[in-house]
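Right, one structure below, let's go through it.
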Amino acid sequence: MTSPLLEIDGLSVSFSVPGGTVNAVRDVNLELAKGEILGLVGETGSGKTTVGKAVVRLLEPTAGRILIDGVDITHLSRRAMRPYRRQIQMVFQDPYSSLNPRMSVGQLIGHPLAIHGIAGRSERRKLVEEVVDKVGLSRSVLERYPGEMSGGQRQRVGLARALVLSPALLVADEPVSALDVSVQAGILNLLVDLQQELGFSCLFITHDLGVAEHLCDRVAVMYLGEIVEIGRRDTVLVDGSHPYTKSLLEAVPVPDPVLQRSRERSTLPGDPPDPLSPPIGCALSPRCPLADSRCLEEHPALMVMRSEDSSSNTSLGLGEHMVRCHRLQEAGLLVSK
Ligand SMILES: Nc1ncnc2c1ncn2[C@@H]1O[C@H](COP(=O)(O)OP(=O)(O)OP(=O)(O)O)[C@@H](O)[C@H]1O
Ligand SMILES: [Mg+2]
């Protein structure tokens, strides 16, 4: 049995804020196979970005481990981390602020190669030109500056800069949500094509279920720092079982970009709970139409959906459909892992 490329094992991340502690990510477990695209979805504040930043080690976990190819990288020193830094790259939401405006595009894309001491000057130039071709930009952009480019072009530069190192894992945090709707599809299709050509794995963070459906093999749904449902794309995004997933699926997509924010809203009554005083039992219980007294008092575990056809699971156990809900468990639909 080969180990997954990425394992997130019991990850928790907390922040001290005025008034208390925010447990932004709570005991998250995820595995990502080689060449797989896993979508991380959920409303604003559910902890998606925090998971992504912990994976690329921009944030220290409060508990848990991050493993790459079976190696625990959670506490590696800067020096020991170097080969893994190269393997794990991140693309951010905002192509406006994530690119240094004083560097030319050629310098920006070549910079990671220089930092990692890869290849000589002329070889680096060749690698930069190759990746610029791959992301569908003309080589003439190499002499230009980010400020002279459109949002879509800048995000292509962001992708080129991440991919020039031939990473094994790309963490993409809402890479198209800051872009004009008219250019979003082009970037998403490019990402799918590049993934197929280059074979990297991708942790794709989005609040947009339509985007997740377009490109993900599996999807994990987060609510208040926890995974509440995970499984194959269609299992979750067509036939989602958790009441929160269902509420997201019921939210009608609004094609109008002006109204687009409403797409991340669920149809549940009320607002997401205050992260400084989360519910004691199920995180969703104050808003859930199915909640009873047990849901308010007892925290549910993530359990395996019984009806799942086990032959669809891979040897890694990836693709298992798991849901966190007392009521589904009481209905006999969930069993312990
Ligand atoms: N640096 C920080 N300091 C304090 N609290 C933080 C910090 N970063 C995130 N949080 C809190 O942690 C929780 C999770 O935030 P996170 O940014 O991971 O959510 P998200 O799912 O990415 O949301 P969005 O869809 O808005 O990007 C939120 O309650 C947020 O306010
Ligand atoms: Mg975020």
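By order of appearance in the structure tokens: chains A, B, ..., then residues from 1 within every chain, and ligands from 1 in the order shown.
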Surrounding residues as a ChimeraX atom specification, ligand 2, max 9 Å, only C-alpha atoms and all ligand atoms:
/A:44-50,52,93,173-174,205-207
Distance query Leu40 (chain A) at most 12 Å, only C-alpha atoms, self and fewer than 6 positions along chain excluded, as a PyMOL selection string
chain A and resi 28+30+32+46-52+171-174+202-209+211-213+215-223+225-231+233+236-237
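Across the model, the gap from CA of Val323 (chain A) to CA of Ser336 (chain A) is 10.5 Å.
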Counting only C-alpha atoms and all ligand atoms, closest pick from A:Gly20, A:Gly70, A:Gly281, A:Gly319 relative to ligand 1 is A:Gly20
Pick out the closest residue to ligand 1 from this set: A:Ala162, A:Val41, A:Leu194, A:Ala331. Count only C-alpha atoms and all ligand atoms.
A:Val41
Just checking: using only C-alpha atoms and all ligand atoms, which residue out of A:Glu60, A:Asp180, A:Glu298, A:Glu320 ends up closest to ligand 1?
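The answer is A:Glu60, which sits nearest to ligand 1.
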CA of Cys282 (chain A) to CA of Cys325 (chain A), distance in Å rounded to a single decimal
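Distance between the two atoms: 7.7 Å.
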Run DSSP on the backbone and grab whatever in region 20-225 of chain A lands in alpha helix (DSSP H); send it over as a VMD selection string.
chain A and resid 48 to 55 78 to 87 105 to 115 121 to 134 151 to 163 181 to 198 209 to 215
Contacts of Glu330 (chain A) at 12 Å (only C-alpha atoms; same-chain gap of 5+ positions) as a PyMOL selection string:
chain A and resi 290+292+294-295+300+303+324-325+335
Same residues, C-alpha atoms, output as a PDB file, in the first residue's frame:
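The resulting file, part28.pdb, is reproduced below:
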```pdb
ATOM      1  CA  LEU A 290     -33.002  17.931  12.737  1.00  0.00           C
ATOM      2  CA  ASP A 292     -32.713  17.283  19.299  1.00  0.00           C
ATOM      3  CA  ARG A 294     -28.575  15.040  22.290  1.00  0.00           C
ATOM      4  CA  CYS A 295     -27.310  17.211  19.406  1.00  0.00           C
ATOM      5  CA  PRO A 300     -20.798  13.904  17.267  1.00  0.00           C
ATOM      6  CA  MET A 303     -18.488   8.240  11.008  1.00  0.00           C
ATOM      7  CA  ARG A 324     -20.680  13.824  11.449  1.00  0.00           C
ATOM      8  CA  CYS A 325     -24.313  13.645  12.611  1.00  0.00           C
ATOM      9  CA  VAL A 335     -21.002   3.179  11.543  1.00  0.00           C
TER      10      VAL A 335
END
```
Would you kindly return, as a PyMOL selection string, each protein, DNA or RNA residue with an atom no farther than 8 Å from any atom of region 181-193 of chain A, considering only C-alpha atoms and excluding same-chain residues fewer than 3 positions away?
chain A and resi 135+152+155-156+176-177+196-197+215+257
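Minimum distance to Gly199 (chain A) across A:Gly35, A:Asp234, A:Ile109, A:Val17 (counting only C-alpha atoms) occurs at A:Gly35.
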Looking at A:Val164, A:Leu276, A:Leu268, A:Cys288, which one is nearest to Pro18 (chain A), with distances taken over only C-alpha atoms?
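Going through A:Val164, A:Leu276, A:Leu268, A:Cys288 one by one, the smallest distance to Pro18 (chain A) is for A:Leu276.
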